[in-house]
$ cat protein_13.cif   # mmCIF, C-alpha atoms and all ligand atoms
data_input
loop_
_atom_site.label_atom_id
_atom_site.label_comp_id
_atom_site.auth_asym_id
_atom_site.auth_seq_id
_atom_site.Cartn_x
_atom_site.Cartn_y
_atom_site.Cartn_z
CA MET U 1 -12.85 -99.49 -48.05
CA SER U 2 -9.74 -99.87 -50.21
CA GLU U 3 -6.44 -98.01 -50.17
CA PHE U 4 -3.37 -97.60 -52.36
CA ARG U 5 -0.09 -98.76 -50.82
CA GLN U 6 3.42 -98.69 -52.28
CA ASP U 7 6.11 -101.25 -51.55
CA PRO U 8 9.31 -99.31 -50.73
CA LEU U 9 11.63 -102.01 -52.15
CA SER U 10 10.04 -102.78 -55.53
CA ARG U 11 8.17 -99.41 -55.74
CA ARG U 12 5.16 -101.48 -56.83
CA TRP U 13 1.68 -100.21 -55.98
CA VAL U 14 -1.15 -102.38 -54.69
CA ILE U 15 -4.83 -101.78 -53.95
CA VAL U 16 -5.46 -103.36 -50.56
CA GLY U 17 -8.66 -104.28 -48.76
CA SER U 18 -11.29 -103.95 -51.47
CA ASP U 19 -14.65 -105.71 -51.24
CA ARG U 20 -13.75 -107.84 -54.23
CA ALA U 21 -13.32 -110.97 -52.10
CA ALA U 22 -17.11 -111.00 -51.70
CA ARG U 23 -17.81 -110.98 -55.46
CA PRO U 24 -19.36 -114.08 -57.01
CA ASN U 25 -17.14 -116.57 -58.80
CA GLU U 26 -18.77 -118.73 -61.46
CA PHE U 27 -15.55 -120.56 -62.21
CA VAL U 28 -15.29 -123.29 -59.63
CA GLU U 29 -11.76 -124.63 -59.19
CA LEU U 30 -11.86 -128.40 -59.48
CA PRO U 31 -9.41 -130.35 -57.34
CA VAL U 32 -6.50 -131.56 -59.43
CA ALA U 33 -5.98 -135.30 -59.53
CA ARG U 34 -2.61 -136.55 -58.30
CA GLN U 35 -0.27 -137.47 -61.10
CA PRO U 36 0.17 -141.17 -61.66
CA ILE U 37 3.41 -142.70 -60.44
CA PRO U 38 6.10 -143.42 -61.86
CA CYS U 39 7.65 -140.02 -61.39
CA PRO U 40 11.13 -139.05 -62.66
CA PHE U 41 12.03 -137.44 -59.32
CA CYS U 42 11.30 -140.49 -57.12
CA ALA U 43 14.12 -142.66 -55.75
CA GLY U 44 14.80 -145.51 -58.18
CA ASN U 45 14.11 -143.35 -61.26
CA GLU U 46 17.40 -141.41 -61.17
CA HIS U 47 18.15 -142.52 -64.76
CA GLU U 48 15.21 -140.40 -65.96
CA THR U 49 16.91 -137.11 -65.07
CA PRO U 50 20.15 -135.70 -66.54
CA GLU U 51 23.27 -136.65 -64.59
CA GLU U 52 23.23 -135.04 -61.16
CA VAL U 53 25.38 -132.04 -60.27
CA ARG U 54 25.28 -132.67 -56.53
CA ARG U 55 23.61 -134.95 -54.01
CA TYR U 56 23.03 -134.65 -50.27
CA VAL U 57 22.68 -137.51 -47.80
CA LEU U 58 21.31 -137.22 -44.27
CA PRO U 59 23.71 -138.46 -41.54
CA GLY U 60 23.22 -142.20 -41.05
CA ALA U 61 21.06 -142.61 -44.20
CA SER U 62 22.15 -144.76 -47.12
CA GLY U 63 20.44 -143.09 -50.08
CA TRP U 64 20.25 -139.47 -51.25
CA GLN U 65 17.93 -136.93 -49.64
CA VAL U 66 18.36 -133.99 -52.04
CA ARG U 67 19.59 -134.12 -55.67
CA VAL U 68 20.52 -131.20 -57.89
CA VAL U 69 20.17 -132.03 -61.61
CA PRO U 70 20.19 -130.01 -64.85
CA ASN U 71 16.65 -129.30 -66.07
CA LYS U 72 15.76 -131.75 -68.84
CA TYR U 73 13.88 -128.98 -70.68
CA PRO U 74 16.04 -125.92 -69.95
CA ALA U 75 14.91 -122.33 -70.58
CA VAL U 76 18.55 -121.29 -70.98
CA ASP U 77 21.49 -123.39 -72.08
CA VAL U 78 25.11 -123.47 -70.96
CA GLN U 79 26.17 -124.64 -74.47
CA GLN U 80 25.18 -121.25 -75.94
CA ALA U 81 27.86 -118.60 -76.36
CA CYS U 82 28.35 -116.67 -73.12
CA PRO U 83 27.59 -113.02 -73.91
CA GLY U 84 29.45 -111.86 -70.78
CA CYS U 85 27.58 -110.15 -67.98
CA LEU U 86 25.35 -107.51 -69.53
CA PRO U 87 22.35 -105.33 -68.99
CA LEU U 88 19.62 -107.02 -71.04
CA GLY U 89 17.71 -104.75 -73.40
CA SER U 90 20.72 -102.58 -74.20
CA SER U 91 20.51 -103.52 -77.88
CA LEU U 92 17.07 -102.76 -79.29
CA GLY U 93 15.72 -105.67 -81.30
CA SER U 94 18.97 -107.67 -81.26
CA PRO U 95 18.66 -111.06 -79.59
CA VAL U 96 21.23 -112.21 -77.05
CA PRO U 97 22.09 -115.96 -76.94
CA GLY U 98 20.00 -117.78 -74.32
CA PHE U 99 23.08 -118.59 -72.26
CA GLY U 100 22.70 -119.77 -68.68
CA ARG U 101 22.06 -122.78 -66.48
CA HIS U 102 18.70 -124.21 -65.52
CA GLU U 103 18.75 -126.70 -62.66
CA VAL U 104 16.23 -128.57 -60.55
CA ILE U 105 16.62 -129.19 -56.83
CA ILE U 106 14.75 -132.43 -56.02
CA GLU U 107 13.87 -132.04 -52.36
CA SER U 108 13.09 -135.60 -51.32
CA PRO U 109 13.49 -139.16 -52.61
CA ARG U 110 9.87 -139.78 -51.51
CA HIS U 111 6.94 -138.67 -53.63
CA LEU U 112 5.78 -135.79 -51.42
CA ALA U 113 3.49 -133.06 -52.71
CA SER U 114 4.09 -130.50 -49.96
CA PHE U 115 7.29 -128.93 -48.71
CA SER U 116 5.80 -128.88 -45.21
CA GLU U 117 5.94 -132.69 -45.11
CA LEU U 118 9.75 -132.55 -44.82
CA SER U 119 11.45 -132.78 -41.41
CA ASP U 120 13.53 -129.79 -40.24
CA ALA U 121 16.76 -131.67 -41.07
CA GLU U 122 15.46 -132.43 -44.57
CA THR U 123 14.37 -128.82 -45.16
CA GLU U 124 17.78 -127.63 -44.00
CA LEU U 125 19.48 -129.69 -46.72
CA VAL U 126 17.38 -127.90 -49.36
CA PHE U 127 18.60 -124.51 -48.15
CA ARG U 128 22.14 -125.84 -47.96
CA ALA U 129 21.80 -126.88 -51.61
CA TYR U 130 20.67 -123.34 -52.52
CA ARG U 131 23.69 -121.87 -50.76
CA ASP U 132 26.15 -124.36 -52.32
CA ARG U 133 24.80 -123.82 -55.85
CA LEU U 134 25.06 -120.04 -55.44
CA LEU U 135 28.69 -120.40 -54.30
CA ALA U 136 29.57 -122.86 -57.09
CA LEU U 137 27.92 -120.84 -59.87
CA LYS U 138 29.45 -117.62 -58.55
CA SER U 139 32.92 -119.21 -58.70
CA GLU U 140 32.42 -119.91 -62.43
CA GLY U 141 32.59 -116.13 -62.96
CA ARG U 142 30.27 -116.00 -65.97
CA TYR U 143 26.85 -115.35 -64.45
CA ALA U 144 25.48 -112.07 -63.13
CA TYR U 145 22.64 -113.50 -61.07
CA VAL U 146 21.11 -116.79 -59.95
CA GLN U 147 17.35 -116.87 -59.42
CA ILE U 148 16.15 -119.63 -57.07
CA PHE U 149 12.41 -120.25 -57.00
CA LYS U 150 9.70 -122.77 -56.23
CA ASN U 151 6.38 -123.37 -57.98
CA ALA U 152 4.08 -125.42 -55.73
CA GLY U 153 0.84 -126.61 -57.29
CA PRO U 154 -0.26 -126.49 -60.96
CA ALA U 155 -1.89 -123.04 -60.54
CA ALA U 156 1.53 -121.74 -59.45
CA GLY U 157 3.20 -123.15 -62.57
CA ALA U 158 4.43 -126.55 -61.34
CA SER U 159 4.44 -129.26 -64.01
CA LEU U 160 5.48 -132.08 -61.66
CA GLU U 161 3.91 -132.78 -58.29
CA HIS U 162 7.02 -134.20 -56.57
CA ILE U 163 8.49 -131.41 -54.38
CA HIS U 164 11.29 -129.54 -56.09
CA SER U 165 12.60 -126.07 -56.69
CA GLN U 166 14.56 -124.62 -59.59
CA LEU U 167 17.30 -122.16 -60.35
CA LEU U 168 18.28 -120.16 -63.41
CA ALA U 169 21.81 -118.77 -63.62
CA LEU U 170 21.59 -115.70 -65.84
CA PRO U 171 24.04 -113.42 -67.68
CA ALA U 172 22.12 -110.32 -66.53
CA VAL U 173 20.52 -108.99 -63.34
CA PRO U 174 16.70 -109.25 -63.74
CA GLU U 175 14.69 -106.00 -63.82
CA VAL U 176 12.84 -106.74 -60.57
CA VAL U 177 16.10 -107.23 -58.67
CA ALA U 178 17.65 -104.16 -60.35
CA GLN U 179 14.75 -102.02 -59.08
CA GLU U 180 15.11 -103.42 -55.55
CA LEU U 181 18.87 -102.70 -55.70
CA ALA U 182 18.21 -99.11 -56.81
CA SER U 183 15.71 -98.49 -53.97
CA SER U 184 18.15 -100.07 -51.50
CA ALA U 185 21.04 -97.89 -52.74
CA GLU U 186 18.94 -94.74 -52.41
CA HIS U 187 17.85 -95.65 -48.87
CA PHE U 188 21.41 -96.60 -47.87
CA ALA U 189 22.76 -93.26 -49.10
CA LYS U 190 20.26 -91.44 -46.86
CA SER U 191 20.25 -93.63 -43.74
CA LYS U 192 23.41 -95.81 -43.91
CA LYS U 193 21.13 -98.78 -43.35
CA SER U 194 19.83 -101.53 -45.64
CA LEU U 195 16.25 -100.86 -46.72
CA VAL U 196 15.08 -104.36 -45.74
CA GLN U 197 16.66 -103.90 -42.30
CA SER U 198 14.72 -100.63 -41.87
CA ILE U 199 11.52 -102.36 -43.04
CA ILE U 200 12.07 -105.19 -40.53
CA GLU U 201 12.74 -102.76 -37.67
CA ASN U 202 9.48 -100.96 -38.48
CA GLU U 203 7.59 -104.24 -38.69
CA ILE U 204 8.94 -105.45 -35.32
CA ALA U 205 8.06 -102.09 -33.70
CA ALA U 206 4.53 -102.18 -35.17
CA GLY U 207 4.05 -105.92 -34.58
CA GLU U 208 0.76 -106.19 -36.45
CA ARG U 209 2.19 -107.77 -39.63
CA ILE U 210 4.66 -110.14 -37.92
CA VAL U 211 3.85 -113.82 -38.58
CA ALA U 212 6.70 -115.56 -36.73
CA GLN U 213 10.25 -114.95 -35.55
CA THR U 214 13.33 -116.97 -34.64
CA GLY U 215 16.41 -115.58 -32.86
CA ASN U 216 17.82 -114.09 -36.07
CA CYS U 217 15.04 -114.22 -38.70
CA VAL U 218 11.67 -112.56 -39.17
CA ALA U 219 8.59 -113.59 -41.18
CA PHE U 220 6.06 -110.85 -41.92
CA CYS U 221 3.26 -109.91 -44.31
CA PRO U 222 4.63 -106.90 -46.23
CA PHE U 223 2.78 -103.55 -45.96
CA ALA U 224 1.99 -103.63 -49.70
CA SER U 225 1.30 -107.38 -50.05
CA ARG U 226 0.25 -108.36 -53.61
CA PHE U 227 -1.58 -111.50 -52.50
CA PRO U 228 -3.55 -112.61 -49.43
CA TYR U 229 -1.11 -114.30 -46.97
CA GLU U 230 1.99 -113.06 -48.81
CA VAL U 231 4.96 -113.48 -46.44
CA TRP U 232 8.57 -112.29 -46.63
CA ILE U 233 11.31 -113.93 -44.60
CA ALA U 234 14.68 -112.27 -43.99
CA PRO U 235 17.49 -112.15 -41.44
CA ALA U 236 16.99 -109.27 -38.98
CA ALA U 237 20.66 -108.25 -39.22
CA HIS U 238 21.98 -106.91 -42.50
CA LEU U 239 23.28 -109.64 -44.84
CA ALA U 240 23.41 -108.87 -48.56
CA ARG U 241 24.21 -112.34 -49.90
CA PHE U 242 22.31 -115.53 -49.11
CA GLU U 243 25.40 -117.58 -49.98
CA LEU U 244 27.20 -116.07 -46.96
CA ALA U 245 24.58 -117.38 -44.51
CA SER U 246 26.13 -119.49 -41.73
CA ASP U 247 25.03 -123.08 -41.03
CA SER U 248 23.11 -121.96 -37.94
CA LEU U 249 21.33 -119.16 -39.84
CA LEU U 250 20.39 -121.65 -42.57
CA ALA U 251 18.92 -123.98 -39.95
CA GLU U 252 16.78 -121.10 -38.63
CA VAL U 253 15.67 -120.08 -42.12
CA ALA U 254 14.70 -123.65 -42.98
CA GLN U 255 12.71 -124.05 -39.78
CA LEU U 256 10.94 -120.69 -40.26
CA VAL U 257 10.11 -121.26 -43.95
CA SER U 258 8.61 -124.66 -43.27
CA GLN U 259 6.61 -123.33 -40.30
CA VAL U 260 5.28 -120.40 -42.37
CA ILE U 261 4.36 -122.64 -45.31
CA ARG U 262 2.47 -124.90 -42.90
CA ARG U 263 0.53 -121.84 -41.67
CA ILE U 264 -0.16 -120.62 -45.23
CA GLU U 265 -1.34 -124.10 -46.26
CA SER U 266 -3.67 -124.17 -43.29
CA ALA U 267 -5.08 -120.69 -44.12
CA THR U 268 -5.48 -121.43 -47.85
CA SER U 269 -6.56 -125.11 -47.59
CA GLY U 270 -3.29 -126.23 -49.17
CA GLY U 271 -3.49 -123.68 -51.97
CA PRO U 272 -0.74 -123.16 -54.58
CA TYR U 273 2.16 -120.76 -53.98
CA ASN U 274 5.44 -119.54 -55.39
CA TYR U 275 8.47 -118.61 -53.36
CA PHE U 276 11.70 -117.08 -54.50
CA LEU U 277 14.97 -115.80 -53.11
CA HIS U 278 16.26 -112.30 -53.80
CA THR U 279 19.95 -111.87 -53.06
CA GLN U 280 22.85 -109.58 -53.97
CA PRO U 281 23.87 -110.21 -57.62
CA PHE U 282 27.35 -111.64 -58.30
CA THR U 283 28.21 -108.47 -60.21
CA GLY U 284 28.54 -105.09 -58.50
CA ALA U 285 30.61 -106.42 -55.58
CA LYS U 286 30.55 -103.02 -53.83
CA ASP U 287 26.73 -102.83 -53.74
CA GLU U 288 26.52 -104.50 -50.35
CA HIS U 289 23.54 -102.41 -49.23
CA TYR U 290 21.12 -105.07 -50.51
CA HIS U 291 19.60 -107.54 -48.02
CA TRP U 292 18.64 -111.05 -49.06
CA HIS U 293 15.05 -112.15 -48.48
CA LEU U 294 12.61 -114.87 -49.46
CA GLU U 295 9.19 -113.86 -50.81
CA ILE U 296 6.32 -116.36 -50.53
CA LEU U 297 3.31 -115.61 -52.77
CA PRO U 298 0.20 -117.76 -52.19
CA ARG U 299 -1.68 -117.85 -55.49
CA VAL U 300 -5.20 -117.56 -54.13
CA THR U 301 -6.20 -114.53 -56.20
CA LYS U 302 -5.79 -114.30 -59.96
CA VAL U 303 -3.43 -112.04 -61.86
CA ALA U 304 -5.59 -110.58 -64.64
CA GLY U 305 -5.97 -107.63 -67.04
CA PHE U 306 -5.50 -104.86 -64.46
CA GLU U 307 -2.33 -106.40 -62.99
CA TRP U 308 -0.81 -107.11 -66.45
CA SER U 309 -1.62 -103.63 -67.73
CA THR U 310 -0.47 -101.61 -64.71
CA GLY U 311 1.87 -103.75 -62.60
CA CYS U 312 -0.46 -102.81 -59.71
CA PHE U 313 -2.02 -105.75 -57.81
CA ILE U 314 -5.45 -105.91 -56.18
CA ASN U 315 -5.32 -107.67 -52.81
CA PRO U 316 -8.67 -108.07 -51.05
CA CYS U 317 -7.07 -109.19 -47.77
CA PRO U 318 -5.19 -106.51 -45.75
CA PRO U 319 -1.81 -107.89 -44.62
CA GLU U 320 -2.62 -106.97 -40.99
CA ALA U 321 -5.61 -109.36 -41.11
CA ALA U 322 -3.58 -111.98 -43.02
CA ALA U 323 -0.78 -111.89 -40.41
CA ALA U 324 -3.25 -112.26 -37.54
CA GLN U 325 -4.81 -115.26 -39.26
CA LEU U 326 -1.42 -116.84 -40.01
CA ARG U 327 -0.29 -116.35 -36.40
CA SER U 328 -3.30 -118.29 -35.15
CA ALA U 329 -3.28 -120.92 -37.97
ZN ZN B 401 7.95 -138.57 -57.29
ZN ZN B 402 12.48 -108.93 -53.33
#
$ encode --input "protein_13.cif" --output "structure tokens" --more "lines below"
Ligand SMILES: [Zn+2]
Ligand SMILES: [Zn+2]
Amino acid sequence: MSEFRQDPLSRRWVIVGSDRAARPNEFVELPVARQPIPCPFCAGNEHETPEEVRRYVLPGASGWQVRVVPNKYPAVDVQQACPGCLPLGSSLGSPVPGFGRHEVIIESPRHLASFSELSDAETELVFRAYRDRLLALKSEGRYAYVQIFKNAGPAAGASLEHIHSQLLALPAVPEVVAQELASSAEHFAKSKKSLVQSIIENEIAAGERIVAQTGNCVAFCPFASRFPYEVWIAPAAHLARFELASDSLLAEVAQLVSQVIRRIESATSGGPYNYFLHTQPFTGAKDEHYHWHLEILPRVTKVAGFEWSTGCFINPCPPEAAAAQLRSA
């Protein structure tokens, strides 16, 4: 039996719990062969990437652990004329220069294929790099938003196997974030509370979609999950901007993300996933009712004609069942 569910933050609808998981699939996914080494992200091949923006070294180690470099094939370019912060789409049919920054965060000097192979200290450096890049790009004063994301596995859009994530600094706030901000503003006006905080309080009270918790952070399968094993991670207390996270909160986030990814990999046999950070845009300084969060989307079902045409996803696995499975994974 299926049901329609709406996500209160994005206002997106999903169809949850259909029998479609049982349908036959003639298209067998073949395992993807590992890419041959040499790899431009491995230690020793630093000359193959553009000059690094930042590097991180673990205490007592001699070489780098995390490197931030400009993307060699950027989607947006800092050399383009800066249009100033703007709402995209305000000028019908007139292009806006593709101004922005596109960077890669190389998460290990070793050729690892899975984020869950990093130690807690190594994972923490990745999240520290996210925070530092947000602070540095914010201080430049010419971007509206920075989108940090990870594509893990070719089916999730990764072109290189070596673990990395990316960021795009943009002159405009993306539509998806703008919708979440609008829902959050509406909820805040009514309840004087951030919408994500209210969602988390409900999830903790209900318990059935909670995957894991630390002292200050919660991981849960959202009520209107788009994909089987979709998990959101957020601080329980209201915090609009990821870049204002303390060192101790970052350590908790890193530990929770890596634990959850390990559980997802176990439930999906190491399947592909995307994760991304949603945080308060640099513009609109007074809109502090937003609440940063990380969304992890395992790509075990396909996005096809219905999803593209309606924006509504079909998820055969109810998040209550997914959370129970992830808790025991
Ligand atoms: Zn490599
Ligand atoms: Zn979000």
$ closest_residue --input "protein_13.cif" --among "U:Gly17, U:Pro38, U:Pro318, U:Pro174" --to "ligand ZN 402 (chain B)" --atoms "only C-alpha atoms and all ligand atoms"
U:Pro174
$ atom_distance --input "protein_13.cif" --atom1 "CA of Ile106 in chain U" --atom2 "CA of Val211 in chain U"
27.7 Å
$ residues_near_ligand --input "protein_13.cif" --ligand "ligand ZN 401 (chain B)" --cutoff "10 Å" --atoms "only C-alpha atoms and all ligand atoms" --output "PyMOL selection string"
chain U and resi 35-45+106+108-113+160-164
$ write_last_selection --input "protein_13.cif" --atoms "C-alpha atoms" --output "compact mmCIF listing (two decimals), in the frame of the given file"
# COMPACT_ATOMS: atom_id res chain seq x y z
CA GLN U 35 -0.27 -137.47 -61.10
CA PRO U 36 0.17 -141.17 -61.66
CA ILE U 37 3.41 -142.70 -60.44
CA PRO U 38 6.10 -143.42 -61.86
CA CYS U 39 7.65 -140.02 -61.39
CA PRO U 40 11.13 -139.05 -62.66
CA PHE U 41 12.03 -137.44 -59.32
CA CYS U 42 11.30 -140.49 -57.12
CA ALA U 43 14.12 -142.66 -55.75
CA GLY U 44 14.80 -145.51 -58.18
CA ASN U 45 14.11 -143.35 -61.26
CA ILE U 106 14.75 -132.43 -56.02
CA SER U 108 13.09 -135.60 -51.32
CA PRO U 109 13.49 -139.16 -52.61
CA ARG U 110 9.87 -139.78 -51.51
CA HIS U 111 6.94 -138.67 -53.63
CA LEU U 112 5.78 -135.79 -51.42
CA ALA U 113 3.49 -133.06 -52.71
CA LEU U 160 5.48 -132.08 -61.66
CA GLU U 161 3.91 -132.78 -58.29
CA HIS U 162 7.02 -134.20 -56.57
CA ILE U 163 8.49 -131.41 -54.38
CA HIS U 164 11.29 -129.54 -56.09
$ closest_residue --input "protein_13.cif" --among "U:Ser10, U:Asn202, U:Ser2, U:Ser114" --to "ligand ZN 402 (chain B)" --atoms "all atoms listed in the file"
U:Ser10
$ atom_distance --input "protein_13.cif" --atom1 "CA of Gln259 in chain U" --atom2 "CA of Leu118 in chain U"
10.7 Å
$ decode --input "protein_13.cif" --residues "range 315-328 of chain U" --atoms "N, CA, C and O atoms" --output "compact mmCIF listing (two decimals), in the first residue's frame"
# COMPACT_ATOMS: atom_id res chain seq x y z
N ASN U 315 9.46 6.20 -3.70
CA ASN U 315 10.39 5.52 -2.80
C ASN U 315 9.74 4.23 -2.29
O ASN U 315 8.83 4.29 -1.46
N PRO U 316 10.19 3.08 -2.77
CA PRO U 316 9.54 1.83 -2.37
C PRO U 316 9.77 1.45 -0.90
O PRO U 316 9.04 0.60 -0.37
N CYS U 317 10.77 2.07 -0.26
CA CYS U 317 11.13 1.65 1.10
C CYS U 317 10.69 2.70 2.13
O CYS U 317 11.29 3.78 2.19
N PRO U 318 9.68 2.45 2.94
CA PRO U 318 9.26 3.44 3.95
C PRO U 318 10.44 3.81 4.86
O PRO U 318 11.19 2.92 5.28
N PRO U 319 10.59 5.09 5.19
CA PRO U 319 11.75 5.51 6.01
C PRO U 319 11.76 4.86 7.39
O PRO U 319 12.83 4.70 7.98
N GLU U 320 10.59 4.46 7.90
CA GLU U 320 10.55 3.79 9.21
C GLU U 320 11.28 2.44 9.12
O GLU U 320 12.06 2.08 10.00
N ALA U 321 11.04 1.72 8.00
CA ALA U 321 11.72 0.43 7.80
C ALA U 321 13.20 0.66 7.51
O ALA U 321 14.06 -0.10 8.00
N ALA U 322 13.51 1.72 6.73
CA ALA U 322 14.91 2.01 6.40
C ALA U 322 15.69 2.32 7.67
O ALA U 322 16.80 1.82 7.88
N ALA U 323 15.09 3.14 8.57
CA ALA U 323 15.79 3.53 9.81
C ALA U 323 16.04 2.29 10.69
O ALA U 323 17.13 2.14 11.25
N ALA U 324 15.05 1.41 10.77
CA ALA U 324 15.21 0.21 11.59
C ALA U 324 16.37 -0.64 11.03
O ALA U 324 17.20 -1.15 11.79
N GLN U 325 16.42 -0.75 9.71
CA GLN U 325 17.49 -1.53 9.09
C GLN U 325 18.86 -0.88 9.30
O GLN U 325 19.85 -1.56 9.59
N LEU U 326 18.89 0.45 9.18
CA LEU U 326 20.18 1.15 9.38
C LEU U 326 20.64 1.06 10.83
O LEU U 326 21.83 0.95 11.10
N ARG U 327 19.70 1.10 11.76
CA ARG U 327 20.08 0.98 13.19
C ARG U 327 20.72 -0.36 13.47
O ARG U 327 21.65 -0.46 14.26
N SER U 328 20.26 -1.41 12.79
CA SER U 328 20.80 -2.73 13.08
C SER U 328 21.94 -3.12 12.13
O SER U 328 22.54 -4.17 12.28
